[in-house]
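Here's the structure, in structure tokens; my notes come after.
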Amino acid sequence: MSNKKQRFTGAEIIWECLIREGVEVVFGYPGGTILPTYDALNKYRNKVHHVLSRHEQGATHMADGYARVSGKVGVAMGTSGPGATNMITGMATAMMDSSPIVCITGQVSSSVIGSDAFQEIDITGAAIPVTKHSYLVMDIGELASTIREAFYVAHTGRPGPVLIDIPKDIQNDSIEFIYPEDELILPGYHPPEDVSEDYITKFSTMVNQAEKPVILAGHGVLLSNACSEVMELAEKSSIPITTTLLGIGGVPDSHPLVLGMMGMHGESWANHAIQEADLLIACGMRFDDRVTGNLKTYSPNSKKIHIEIDPSEINKNVKVDLAIHADLGTVLRHVNPQIIKLNRKKWLDIISGWHHDSKRRDILNIKSDKLLGAQVIRKIWEGTKGNALIISDVGQHQMLEAQYYKHEEPRTLLTSGGLGTMGFSLPAAIGASFHEKDKEIWVIVGDGSIQMTMMELGTAMQENTNINIAIINNGYLGMVRQWQQMFYDSRYAETPISSPDFVKLAEAYGMNGYRVDSIEDILPTMEKVQKNSGPSLVEFKVEEHEIVYPMVPAGADLHEMIQRPWNEVNNNGQIQEKEKVK
Amino acid sequence: MKQTIIVLVQNEPGVLNRISRHFYRLNYNIDSITAGRSEAMGITRITIVCNHSDQYNQSLIKSQLEELNTVLKVQDITRVPSVVREYALIKVQIQKDEAKELNKIIKKSNAKIIDGGKLVSIIETTGEMEEIESLINALKQFKILEIMRSGNMAMVKVNQDEHRIEIEEIDKKKGWATQQLSDALS
Ligand SMILES: Cc1ncc(C[n+]2csc(CCOP(=O)(O)OP(=O)(O)O)c2C)c(N)n1
Ligand SMILES: [Mg+2]
């Protein structure tokens with residue numbers, strides 16, 4: 001598009017603007033009110049690739065997966081009414097996990113808005129709780145600036161989903177237009193700028209004076225691209241790091257200072273370290289109830305520093321001593337030079353002492369006649385040399401993935417953390433594959449979760465997406481079954497779930513399908529899969545009654561973890577003695 | 001203690017919807033909400049009074065409102081000395097022999113009759129909430145037909161200048177939303 005004034009339809013303006021924003025791929029599904037925009041797409045095929053999902057929820061998760069892995073804004077498109085309501089779950093998922101996506105929906109013509117016209121839904125109203133912001137464009141003159149503003153809002157500050165609802169007549173209308181290049185000024189929107197010297201000094205003093213500090217690394221570490229800054233702080237001052245579920249990958253799991261995941265299914269030494277610490281340095285995390293346990297007894301003796309881009313998260317769940325509302329990377333670049341070198345041998349030794357349960361956490365050491373979900377994850381880790389991009393779904397398999405797949409690089413695990421949206425993984429992986437074109441991609445998904453968005457196998461087939469799908473089939477909605485076993489006397493109400501023949505299903509979609517039920521067959525099957533191009537599916541038949549250990553029951557104290565009973569472990573012997581911590 | 005907040009917003013469709021949902025989410029009832037144009041073009045000043053005393057949630061609501069794109073500023077004046085006033089219209093019906101009594105009550109309070117036939121009149125008053133309540137109580141001896149109250153409007157006291165917020169006019173050229181607004185206003 002030249003900068004000379006030219007006439008464009010609203011539909012063309014949409015594509016012109018998306019291209020200006022650097023969009024290369026759009027995930028969507030057509031329908032009546034978005035027809036003009038799809039028609040105009042034909043002119044832009046050489047610049048934008050459109051991926052046809054099988055459900056608009058899928059399209060939003062694809063945009064989300066693409067955004068999480070690339071750091072760019074993902075775009076989803078759909079029609080009004082049912083198309084738009086189908087996108088709500090995807091927007092909510094992106095909202096809870098701060099993922100920048102822009103959703104574009106068609107709307108009935110502006111003249112009939114409000115009359116319950118065919119496929120009319122007040123989607124901007126319905127989407128208020130699940131978006132960072134939403135726009136209804138009622139004037140073609142505002143279309144370009146709105147799209148530009150939407151992208152800006154989506155990826156700045158704390159990222160999140162933004163919805164643009166565009167009536168059909170606005171798409172059809174035309175206007176003389178130049179792309180707005182002037183500075184964007186949004187009076188009510190203030191992403192934070194620099195940090196004051198004062199905070200930096202307080203921060204570094206607290207770290208330098210602490211004896212038992214712990215870094216809590218959240219999703220913000222990745223979103224702020226502050227991975228190396230966090231490691232620098234940790235290494236300089238020998239501070240152990242524990243991550244949230246979404247913080248996984250932000251720091252290399254094999255690093256001696258990295259304790260692994262915290263919280264409900266976190267590593268027990270990580271949780272103990274938090275409880276015993278005298279300083280918590282919370283980096284881009286929000287003290288979700290899944291990581292704090294009982295707030296009253298949470299890390300009782302520590303001072304707390306919270307660096308967070310979203311001011312409404314500060315002092316929300318946990319009261320902190322030093323709150324810094326700013327970009328994490330910026331803060332740490334100021335703080336790190338002021339940190340004194342320390343080796344903290346005493347503190348690190350204490351923490352190592354809590355690693356006593358590693359034997360019973362060694363999944364290859366568990367007594368079991370059947371293949372265990374955790375063993376599958378361990379083997380997938382081995383078979384991919386820890387280098388794959390993993391997209392996990394929601395349930396036991398998600399927690400096992402977090403525990404047993406060691407991630408060394410940022411943005412190598414995508415999962416729905418905040419909303420826990422079953423069905424996220426397959427579409428998110430399809431979306432991610434458009435950015436990670438050369439990486440080995442594995443979807444790790446339960447038999448329940450895959451059946452929520454299984455129709456997207458069609459999308460994977462149509463796009464010949466290079467993803468591998470590992471279905472951990474335990475015949476149950478396993479995580480719910482675990483709660484029923486532990487807290488409802490094993491009354492399994494509606495958790496047994498049957499599945500289609502997944503191998504046949506794969507074949508029906510023209511993919512290679514495999515079934516594995518022994519630990520020995522895992523690596524050889526993976527080798528076959530790795531030779532395939534296009535999508536493959538492997539069903540792992542695993543033990544039905546596996547429990548994810550350790551577990552902090554909801555609302556319990558963080559250090560009160562339920563551990564795997566010793567009688568389920570081989571060679572338990574002398575390690576038992578060290579069990580008494582706290 | 002009731003929470004009183006002043007919110008400055010861009011005057012655009014849906015803004016009240018975006019604000020009120022945060023109260024609803026915590027299951028709080030808004031006591032009163034009063035909105036009107038401010039000294040700056042395109043900006044509405046709103047006073048919200050909410051009957052909940054949990055300080056944690058008071059600050060949560062403030063920070064959540066601040067986060068909205070359409071909100072320019074939020075000021076919690078619950079603990080800042082302020083002038084708080086309400087405006088009310090009260091329609092009463094009297095018997096023939098009660099006119100004198102009605103006039104006496106009106107004279108005693110800060111009120112006046114702004115519309116009236118012989119037996120039905122509309123009384124206008126402003127004041128603090130308690131004053132309005134006591135006028136209404138006094139009028140109860142007649143037949144009250146209708147009451148319309150504005151809800152509280154608040155303004156930080158003159159000697160509290162450090163709490164005064166200054167707002168800039170939104171430049172017509174700058175935000176698309178503003179453009180729409182100023183057009184609507186002119
Ligand atoms: C959309 C949705 N519905 C329900 C739930 C509640 N839920 C959480 S985990 C889970 C079971 C998941 O089952 P499966 O995918 O088989 O995984 P498993 O736990 O067996 O590994 C359910 C039903 C949810 N998180 N999301
Ligand atoms: Mg299952």
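Naming works like this for the structure tokens: A, B, ... for the chains as they're shown, residue 1 at the start of each chain, ligands 1 onward in shown order.
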Just the residues within 12 Å of Leu52 in chain A, please, counting only C-alpha atoms, with nothing from its chain fewer than 2 positions along; format it as a compact mmCIF listing (two decimals) with all heavy atoms, in the first residue's frame.
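Okay, this is what ended up in around-v8.txt:
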# COMPACT_ATOMS: atom_id res chain seq x y z
N VAL A 25 0.28 -15.08 9.61
CA VAL A 25 -0.68 -16.17 9.62
C VAL A 25 -1.89 -15.78 10.47
O VAL A 25 -1.75 -15.16 11.52
CB VAL A 25 0.00 -17.49 10.11
CG1 VAL A 25 0.67 -17.30 11.45
CG2 VAL A 25 -1.00 -18.64 10.18
N VAL A 26 -3.08 -16.12 9.97
CA VAL A 26 -4.32 -15.84 10.69
C VAL A 26 -5.08 -17.15 10.83
O VAL A 26 -5.15 -17.94 9.88
CB VAL A 26 -5.17 -14.81 9.91
CG1 VAL A 26 -6.58 -14.70 10.51
CG2 VAL A 26 -4.49 -13.45 9.92
N PHE A 27 -5.61 -17.41 12.01
CA PHE A 27 -6.36 -18.63 12.28
C PHE A 27 -7.83 -18.27 12.36
O PHE A 27 -8.18 -17.36 13.12
CB PHE A 27 -5.88 -19.26 13.59
CG PHE A 27 -4.39 -19.45 13.63
CD1 PHE A 27 -3.56 -18.47 14.19
CD2 PHE A 27 -3.80 -20.58 13.07
CE1 PHE A 27 -2.18 -18.63 14.20
CE2 PHE A 27 -2.42 -20.74 13.09
CZ PHE A 27 -1.60 -19.77 13.65
N GLY A 28 -8.67 -18.92 11.57
CA GLY A 28 -10.06 -18.49 11.62
C GLY A 28 -11.04 -19.42 10.98
O GLY A 28 -10.71 -20.56 10.60
N TYR A 29 -12.25 -18.92 10.89
CA TYR A 29 -13.38 -19.70 10.40
C TYR A 29 -14.39 -18.72 9.84
O TYR A 29 -14.82 -17.82 10.55
CB TYR A 29 -13.98 -20.47 11.58
CG TYR A 29 -14.67 -21.75 11.20
CD1 TYR A 29 -14.00 -22.97 11.27
CD2 TYR A 29 -16.01 -21.74 10.79
CE1 TYR A 29 -14.64 -24.15 10.93
CE2 TYR A 29 -16.65 -22.94 10.46
CZ TYR A 29 -15.96 -24.14 10.52
OH TYR A 29 -16.58 -25.30 10.20
N PRO A 30 -14.79 -18.89 8.57
CA PRO A 30 -15.65 -17.87 7.96
C PRO A 30 -17.12 -18.02 8.32
O PRO A 30 -17.54 -19.02 8.91
CB PRO A 30 -15.44 -18.10 6.47
CG PRO A 30 -15.12 -19.56 6.36
CD PRO A 30 -14.41 -19.94 7.62
N GLY A 31 -17.91 -17.05 7.95
CA GLY A 31 -19.36 -17.07 8.17
C GLY A 31 -19.95 -15.78 7.63
O GLY A 31 -19.21 -14.89 7.17
N TYR A 38 -13.26 -12.23 4.28
CA TYR A 38 -12.72 -13.44 3.66
C TYR A 38 -12.61 -13.27 2.15
O TYR A 38 -11.67 -13.75 1.52
CB TYR A 38 -13.54 -14.68 4.04
CG TYR A 38 -13.03 -15.27 5.34
CD1 TYR A 38 -13.52 -14.81 6.56
CD2 TYR A 38 -12.01 -16.22 5.35
CE1 TYR A 38 -13.03 -15.31 7.76
CE2 TYR A 38 -11.51 -16.73 6.54
CZ TYR A 38 -12.01 -16.26 7.74
OH TYR A 38 -11.50 -16.74 8.92
N HIS A 49 -1.05 -16.11 5.36
CA HIS A 49 -1.56 -17.46 5.25
C HIS A 49 -2.74 -17.61 6.20
O HIS A 49 -2.65 -17.23 7.36
CB HIS A 49 -0.44 -18.45 5.61
CG HIS A 49 -0.88 -19.88 5.55
ND1 HIS A 49 -1.28 -20.50 4.38
CD2 HIS A 49 -0.99 -20.82 6.52
CE1 HIS A 49 -1.62 -21.75 4.63
NE2 HIS A 49 -1.45 -21.97 5.92
N HIS A 50 -3.85 -18.14 5.71
CA HIS A 50 -4.99 -18.36 6.59
C HIS A 50 -5.11 -19.84 6.90
O HIS A 50 -5.05 -20.69 6.01
CB HIS A 50 -6.28 -17.86 5.94
CG HIS A 50 -7.48 -18.03 6.83
ND1 HIS A 50 -8.19 -19.20 6.92
CD2 HIS A 50 -8.06 -17.18 7.71
CE1 HIS A 50 -9.17 -19.06 7.81
NE2 HIS A 50 -9.11 -17.84 8.31
N ARG A 54 -11.23 -26.04 12.92
CA ARG A 54 -12.49 -26.78 12.82
C ARG A 54 -13.51 -26.27 13.83
O ARG A 54 -14.61 -26.79 13.94
CB ARG A 54 -12.22 -28.28 13.04
CG ARG A 54 -11.37 -28.90 11.94
CD ARG A 54 -12.06 -28.82 10.57
NE ARG A 54 -11.28 -29.48 9.53
CZ ARG A 54 -10.36 -28.88 8.78
NH1 ARG A 54 -10.08 -27.59 8.96
NH2 ARG A 54 -9.71 -29.56 7.86
N HIS A 55 -13.13 -25.28 14.60
CA HIS A 55 -14.00 -24.72 15.64
C HIS A 55 -13.33 -23.40 16.01
O HIS A 55 -12.10 -23.33 16.05
CB HIS A 55 -14.03 -25.69 16.83
CG HIS A 55 -15.01 -25.32 17.92
ND1 HIS A 55 -14.88 -24.20 18.70
CD2 HIS A 55 -16.13 -25.96 18.37
CE1 HIS A 55 -15.88 -24.17 19.57
NE2 HIS A 55 -16.65 -25.21 19.39
N GLU A 56 -14.11 -22.37 16.28
CA GLU A 56 -13.48 -21.08 16.56
C GLU A 56 -12.67 -21.09 17.86
O GLU A 56 -11.71 -20.34 18.01
CB GLU A 56 -14.53 -19.96 16.62
CG GLU A 56 -15.14 -19.61 15.27
CD GLU A 56 -16.32 -20.51 14.90
OE1 GLU A 56 -16.57 -21.50 15.63
OE2 GLU A 56 -16.98 -20.23 13.89
N GLN A 57 -13.05 -21.94 18.81
CA GLN A 57 -12.21 -22.07 20.02
C GLN A 57 -10.81 -22.49 19.61
O GLN A 57 -9.81 -21.97 20.10
CB GLN A 57 -12.80 -23.09 21.00
CG GLN A 57 -11.95 -23.26 22.26
CD GLN A 57 -12.39 -24.42 23.13
OE1 GLN A 57 -13.46 -24.99 22.97
NE2 GLN A 57 -11.56 -24.77 24.11
N GLY A 58 -10.76 -23.46 18.68
CA GLY A 58 -9.47 -23.92 18.18
C GLY A 58 -8.68 -22.78 17.58
O GLY A 58 -7.47 -22.65 17.83
N ALA A 59 -9.34 -21.93 16.81
CA ALA A 59 -8.63 -20.82 16.17
C ALA A 59 -8.00 -19.89 17.22
O ALA A 59 -6.87 -19.42 17.05
CB ALA A 59 -9.59 -20.03 15.28
N THR A 60 -8.74 -19.64 18.31
CA THR A 60 -8.18 -18.76 19.34
C THR A 60 -6.99 -19.42 20.04
O THR A 60 -5.99 -18.75 20.31
CB THR A 60 -9.24 -18.38 20.40
OG1 THR A 60 -9.87 -19.57 20.87
CG2 THR A 60 -10.29 -17.46 19.81
N MET A 62 -5.03 -21.56 18.68
CA MET A 62 -3.92 -21.55 17.71
C MET A 62 -3.21 -20.20 17.75
O MET A 62 -1.98 -20.13 17.80
CB MET A 62 -4.45 -21.81 16.29
CG MET A 62 -4.90 -23.25 16.08
SD MET A 62 -5.67 -23.48 14.45
CE MET A 62 -6.60 -24.97 14.77
N ALA A 63 -4.00 -19.14 17.75
CA ALA A 63 -3.41 -17.80 17.82
C ALA A 63 -2.61 -17.66 19.12
O ALA A 63 -1.51 -17.10 19.14
CB ALA A 63 -4.51 -16.74 17.76
N ALA A 76 -6.82 -14.32 15.53
CA ALA A 76 -7.91 -15.27 15.25
C ALA A 76 -9.08 -14.50 14.68
O ALA A 76 -9.29 -13.33 15.02
CB ALA A 76 -8.32 -15.99 16.53
N MET A 77 -9.82 -15.16 13.80
CA MET A 77 -10.92 -14.46 13.12
C MET A 77 -12.14 -15.37 13.10
O MET A 77 -12.02 -16.58 12.98
CB MET A 77 -10.46 -14.16 11.69
CG MET A 77 -11.30 -13.18 10.94
SD MET A 77 -10.54 -12.80 9.34
CE MET A 77 -9.47 -11.43 9.73
N GLY A 78 -13.31 -14.77 13.23
CA GLY A 78 -14.53 -15.58 13.18
C GLY A 78 -15.73 -14.73 12.84
O GLY A 78 -15.65 -13.50 12.78
N PRO A 427 -4.82 -27.60 19.41
CA PRO A 427 -4.84 -26.38 18.60
C PRO A 427 -3.66 -25.45 18.89
O PRO A 427 -3.10 -24.86 17.94
CB PRO A 427 -6.18 -25.72 18.96
CG PRO A 427 -6.69 -26.44 20.16
CD PRO A 427 -6.08 -27.78 20.17
N ILE A 430 -0.77 -26.60 16.91
CA ILE A 430 -0.90 -26.29 15.48
C ILE A 430 -0.50 -24.83 15.26
O ILE A 430 0.28 -24.52 14.35
CB ILE A 430 -2.35 -26.55 15.01
CG1 ILE A 430 -2.67 -28.04 15.09
CG2 ILE A 430 -2.55 -26.03 13.58
CD1 ILE A 430 -4.12 -28.40 14.84
N GLY A 431 -0.98 -23.94 16.12
CA GLY A 431 -0.60 -22.53 15.99
C GLY A 431 0.89 -22.34 16.14
O GLY A 431 1.54 -21.66 15.33
N MET A 455 -11.36 -32.45 16.94
CA MET A 455 -11.68 -32.09 15.55
C MET A 455 -10.54 -31.35 14.87
O MET A 455 -10.46 -31.32 13.65
CB MET A 455 -12.97 -31.26 15.50
CG MET A 455 -12.89 -29.86 16.07
SD MET A 455 -12.60 -29.85 17.83
CE MET A 455 -14.22 -29.53 18.45
N GLU A 456 -9.63 -30.78 15.66
CA GLU A 456 -8.53 -30.03 15.05
C GLU A 456 -7.49 -30.95 14.40
O GLU A 456 -6.56 -30.49 13.75
CB GLU A 456 -7.87 -29.08 16.05
CG GLU A 456 -8.81 -28.05 16.67
CD GLU A 456 -9.52 -27.13 15.68
OE1 GLU A 456 -9.09 -27.08 14.49
OE2 GLU A 456 -10.50 -26.48 16.06
N LEU A 457 -7.66 -32.28 14.58
CA LEU A 457 -6.84 -33.21 13.80
C LEU A 457 -7.04 -32.90 12.31
O LEU A 457 -6.12 -33.04 11.50
CB LEU A 457 -7.23 -34.66 14.10
CG LEU A 457 -6.85 -35.20 15.48
CD1 LEU A 457 -7.45 -36.58 15.69
CD2 LEU A 457 -5.34 -35.25 15.65
N GLY A 458 -8.25 -32.49 11.98
CA GLY A 458 -8.54 -32.12 10.59
C GLY A 458 -7.69 -30.96 10.13
O GLY A 458 -7.18 -30.93 9.00
N THR A 459 -7.50 -30.00 11.01
CA THR A 459 -6.67 -28.84 10.67
C THR A 459 -5.22 -29.28 10.49
O THR A 459 -4.54 -28.87 9.54
CB THR A 459 -6.76 -27.78 11.79
OG1 THR A 459 -8.13 -27.57 12.09
CG2 THR A 459 -6.11 -26.48 11.37
N ALA A 460 -4.75 -30.12 11.44
CA ALA A 460 -3.37 -30.61 11.36
C ALA A 460 -3.15 -31.34 10.05
O ALA A 460 -2.10 -31.21 9.40
CB ALA A 460 -3.07 -31.52 12.55
N MET A 461 -4.18 -32.10 9.64
CA MET A 461 -4.06 -32.84 8.39
C MET A 461 -4.03 -31.89 7.20
O MET A 461 -3.14 -31.96 6.36
CB MET A 461 -5.26 -33.79 8.28
CG MET A 461 -5.39 -34.50 6.95
SD MET A 461 -6.93 -35.43 6.87
CE MET A 461 -8.15 -34.11 6.85
N GLN A 462 -4.98 -30.97 7.17
CA GLN A 462 -5.09 -30.06 6.03
C GLN A 462 -3.83 -29.22 5.85
O GLN A 462 -3.41 -28.93 4.75
CB GLN A 462 -6.31 -29.16 6.20
CG GLN A 462 -6.56 -28.25 5.00
CD GLN A 462 -7.96 -27.61 5.05
OE1 GLN A 462 -8.81 -28.00 5.84
NE2 GLN A 462 -8.18 -26.63 4.21
N GLU A 463 -3.21 -28.85 6.97
CA GLU A 463 -2.01 -28.01 6.91
C GLU A 463 -0.74 -28.85 6.89
O GLU A 463 0.36 -28.30 6.89
CB GLU A 463 -1.97 -27.07 8.11
CG GLU A 463 -3.09 -26.04 8.14
CD GLU A 463 -2.93 -24.97 7.05
OE1 GLU A 463 -1.78 -24.66 6.69
OE2 GLU A 463 -3.96 -24.47 6.57
Chain A contacts to chain B at 7 Å (only C-alpha atoms) as a PyMOL selection string: chain A and resi 128+142+145+185-189+311-312+316
Residue neighbourhood range 74-83 of chain B, 9 Å, only C-alpha atoms, exclusion window fewer than 5 positions, as a ChimeraX atom specification: /B:1-9,58-59,62-63,65-66,128,153-160,163,165
Okay, now the selection with C-alpha atoms, as a PDB file, in the first residue's frame?
ATOM      1  CA  MET B   1     -16.519   2.696  56.442  1.00  0.00           C
ATOM      2  CA  LYS B   2     -18.185   3.214  53.078  1.00  0.00           C
ATOM      3  CA  GLN B   3     -15.779   3.595  50.225  1.00  0.00           C
ATOM      4  CA  THR B   4     -15.984   6.749  48.124  1.00  0.00           C
ATOM      5  CA  ILE B   5     -14.079   6.805  44.865  1.00  0.00           C
ATOM      6  CA  ILE B   6     -13.757   9.411  42.184  1.00  0.00           C
ATOM      7  CA  VAL B   7     -13.132   8.046  38.725  1.00  0.00           C
ATOM      8  CA  LEU B   8     -12.197  10.030  35.646  1.00  0.00           C
ATOM      9  CA  VAL B   9     -13.113   8.279  32.442  1.00  0.00           C
ATOM     10  CA  GLN B  58     -11.125  -1.356  48.561  1.00  0.00           C
ATOM     11  CA  SER B  59      -7.606  -1.216  47.242  1.00  0.00           C
ATOM     12  CA  LYS B  62      -9.058   0.824  42.930  1.00  0.00           C
ATOM     13  CA  SER B  63      -6.220  -0.943  41.162  1.00  0.00           C
ATOM     14  CA  LEU B  65     -10.353   0.234  37.820  1.00  0.00           C
ATOM     15  CA  GLU B  66      -7.030   1.932  37.176  1.00  0.00           C
ATOM     16  CA  GLU B 128     -25.337  15.813  53.105  1.00  0.00           C
ATOM     17  CA  MET B 153     -21.137  13.795  44.649  1.00  0.00           C
ATOM     18  CA  ALA B 154     -17.774  14.350  46.240  1.00  0.00           C
ATOM     19  CA  MET B 155     -14.941  16.815  45.900  1.00  0.00           C
ATOM     20  CA  VAL B 156     -11.733  16.960  47.878  1.00  0.00           C
ATOM     21  CA  LYS B 157     -11.590  19.986  50.193  1.00  0.00           C
ATOM     22  CA  VAL B 158      -9.768  23.150  49.165  1.00  0.00           C
ATOM     23  CA  ASN B 159      -7.093  22.732  51.834  1.00  0.00           C
ATOM     24  CA  GLN B 160      -6.278  19.244  50.540  1.00  0.00           C
ATOM     25  CA  HIS B 163      -5.059  15.347  46.555  1.00  0.00           C
ATOM     26  CA  ILE B 165      -6.026  15.676  40.330  1.00  0.00           C
TER      27      ILE B 165
END
Fewer than 5 positions away in the same chain doesn't count, so skip those; otherwise give me all residues within 8 Å of Ile380 in chain A, counting only C-alpha atoms, as a short mmCIF file (atom, residue, chain, number, x, y, z; two decimals) with N, CA and C atoms, in the first residue's frame.
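The resulting part_4.cif:
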data_model
loop_
_atom_site.label_atom_id
_atom_site.label_comp_id
_atom_site.auth_asym_id
_atom_site.auth_seq_id
_atom_site.Cartn_x
_atom_site.Cartn_y
_atom_site.Cartn_z
N TYR A 405 9.66 -33.64 32.47
CA TYR A 405 10.35 -33.18 31.26
C TYR A 405 11.17 -31.97 31.67
N ILE A 522 8.79 -47.44 23.99
CA ILE A 522 8.61 -46.00 23.82
C ILE A 522 9.65 -45.42 22.87
N LEU A 523 10.92 -45.64 23.17
CA LEU A 523 11.95 -45.01 22.34
C LEU A 523 11.93 -45.51 20.89
N MET A 526 9.21 -43.78 19.14
CA MET A 526 9.53 -42.37 18.91
C MET A 526 10.45 -42.21 17.70
#
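Residues within 6 Å of Leu537 in chain A, counting only C-alpha atoms and excluding same-chain residues fewer than 6 positions away, are Asn468, Ile469 and Gly513 of chain A.
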Please list as a CSV table (one decimal) with all heavy atoms, in the first residue's frame every residue within 9 Å of Ala470 in chain A, counting only C-alpha atoms and excluding residues in the same chain fewer than 4 positions away.
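File written: out-v6.csv
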chain,number,residue,atom,x,y,z
A,442,TRP,N,6.0,-31.9,20.3
A,442,TRP,CA,5.1,-32.9,20.9
A,442,TRP,C,4.0,-32.3,21.7
A,442,TRP,O,4.2,-31.5,22.6
A,442,TRP,CB,6.0,-33.8,21.8
A,442,TRP,CG,6.8,-34.8,21.1
A,442,TRP,CD1,8.1,-34.6,20.6
A,442,TRP,CD2,6.5,-36.2,20.8
A,442,TRP,NE1,8.5,-35.7,19.9
A,442,TRP,CE2,7.5,-36.7,20.1
A,442,TRP,CE3,5.3,-37.0,21.1
A,442,TRP,CZ2,7.5,-38.0,19.6
A,442,TRP,CZ3,5.3,-38.3,20.6
A,442,TRP,CH2,6.4,-38.8,19.9
A,443,VAL,N,2.8,-32.9,21.4
A,443,VAL,CA,1.6,-32.5,22.2
A,443,VAL,C,1.5,-33.6,23.3
A,443,VAL,O,1.6,-34.8,22.9
A,443,VAL,CB,0.3,-32.6,21.3
A,443,VAL,CG1,-0.9,-32.4,22.2
A,443,VAL,CG2,0.4,-31.5,20.3
A,444,ILE,N,1.4,-33.3,24.5
A,444,ILE,CA,1.2,-34.3,25.6
A,444,ILE,C,-0.2,-34.0,26.1
A,444,ILE,O,-0.5,-33.0,26.7
A,444,ILE,CB,2.3,-34.2,26.6
A,444,ILE,CG1,3.6,-34.6,26.0
A,444,ILE,CG2,2.0,-35.0,27.8
A,444,ILE,CD1,4.8,-34.6,26.8
A,445,VAL,N,-1.0,-35.0,25.9
A,445,VAL,CA,-2.5,-34.7,26.1
A,445,VAL,C,-3.1,-36.0,26.7
A,445,VAL,O,-2.7,-37.1,26.4
A,445,VAL,CB,-3.1,-34.3,24.8
A,445,VAL,CG1,-3.0,-35.3,23.7
A,445,VAL,CG2,-4.6,-33.9,25.0
A,446,GLY,N,-4.1,-35.8,27.6
A,446,GLY,CA,-4.8,-36.9,28.2
A,446,GLY,C,-6.0,-37.4,27.3
A,446,GLY,O,-6.3,-36.7,26.3
A,536,SER,N,1.8,-37.1,13.5
A,536,SER,CA,1.7,-38.5,13.9
A,536,SER,C,1.1,-38.5,15.3
A,536,SER,O,1.1,-37.5,16.0
A,536,SER,CB,3.1,-39.1,14.1
A,536,SER,OG,3.9,-38.8,13.0
A,537,LEU,N,0.5,-39.7,15.6
A,537,LEU,CA,-0.2,-39.8,16.8
A,537,LEU,C,0.2,-41.1,17.5
A,537,LEU,O,0.3,-42.1,16.9
A,537,LEU,CB,-1.7,-39.8,16.6
A,537,LEU,CG,-2.7,-39.9,17.7
A,537,LEU,CD1,-4.0,-39.2,17.3
A,537,LEU,CD2,-2.9,-41.3,18.2
A,538,VAL,N,0.6,-41.0,18.8
A,538,VAL,CA,0.9,-42.2,19.6
A,538,VAL,C,0.1,-42.3,20.8
A,538,VAL,O,0.0,-41.3,21.6
A,538,VAL,CB,2.4,-42.2,20.1
A,538,VAL,CG1,2.8,-43.5,20.6
A,538,VAL,CG2,3.4,-41.7,18.9
A,539,GLU,N,-0.6,-43.4,20.9
A,539,GLU,CA,-1.4,-43.6,22.1
A,539,GLU,C,-0.6,-44.4,23.1
A,539,GLU,O,-0.2,-45.5,22.8
A,539,GLU,CB,-2.7,-44.3,21.8
A,539,GLU,CG,-3.6,-44.6,23.0
A,539,GLU,CD,-4.7,-45.6,22.7
A,539,GLU,OE1,-4.7,-46.3,21.7
A,539,GLU,OE2,-5.6,-45.7,23.6
A,540,PHE,N,-0.4,-43.9,24.3
A,540,PHE,CA,0.2,-44.6,25.4
A,540,PHE,C,-0.8,-45.2,26.4
A,540,PHE,O,-1.5,-44.4,27.0
A,540,PHE,CB,1.2,-43.7,26.1
A,540,PHE,CG,2.4,-43.3,25.3
A,540,PHE,CD1,2.3,-42.1,24.6
A,540,PHE,CD2,3.5,-44.0,25.1
A,540,PHE,CE1,3.3,-41.6,23.8
A,540,PHE,CE2,4.6,-43.6,24.3
A,540,PHE,CZ,4.5,-42.4,23.6
Nearby residues, ligand 2, 7 Å, only C-alpha atoms and all ligand atoms, as a list of chain:residue names: A:Gly446, A:Asp447, A:Gly448, A:Ile472, A:Asn473, A:Asn474, A:Gly475, A:Tyr476, A:Leu477, A:Gly478
Distance filter 9 Å around ligand 1, atoms: only C-alpha atoms and all ligand atoms, out as a ChimeraX atom specification: /A:89,373,393-400,419-424,445-452,471-482,495,497,544
Those of range 5-183 of chain B in DSSP strand (DSSP E), formatted as an MDAnalysis selection string: chainID B and resid 5:10 30:37 43:50 71:76 82:93 111:116 120:127 143:149 153:156
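When DSSP is run on the backbone, the residues of range 358-423 of chain A that fall into alpha helix (DSSP H) are Ser358, Lys359, Arg360, Arg361, Gly373, Ala374, Gln375, Val376, Ile377, Arg378, Lys379, Ile380, Trp381, Glu382, Gly383, Gln396, His397, Gln398, Met399, Leu400, Glu401, Ala402, Gln403 and Tyr404 of chain A.
Nearest residue to Pro337 in chain A, choosing from A:Glu193, A:Glu527, A:Glu232, A:Asp521 and counting only C-alpha atoms: A:Glu232.
Around Leu143 in chain A, within 9 Å and counting only C-alpha atoms, the residues found are Gly10, Ile13, Ile14, Val137, Met138, Arg148, Ile166 and Ile170 of chain A, once anything fewer than 5 positions away on its own chain is removed.
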Would you write out those residues with C-alpha atoms, as a compact mmCIF listing (two decimals), in the first residue's frame?
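Once everything was written out, this is out_31.txt:
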# COMPACT_ATOMS: atom_id res chain seq x y z
CA GLY A 10 -13.13 -1.90 5.22
CA ILE A 13 -8.20 -2.15 5.39
CA ILE A 14 -8.34 -5.06 7.84
CA VAL A 137 -15.97 -0.29 15.21
CA MET A 138 -18.96 1.78 14.09
CA ARG A 148 -3.41 -0.43 15.38
CA ILE A 166 -16.57 -5.16 12.95
CA ILE A 170 -18.20 -1.37 7.76
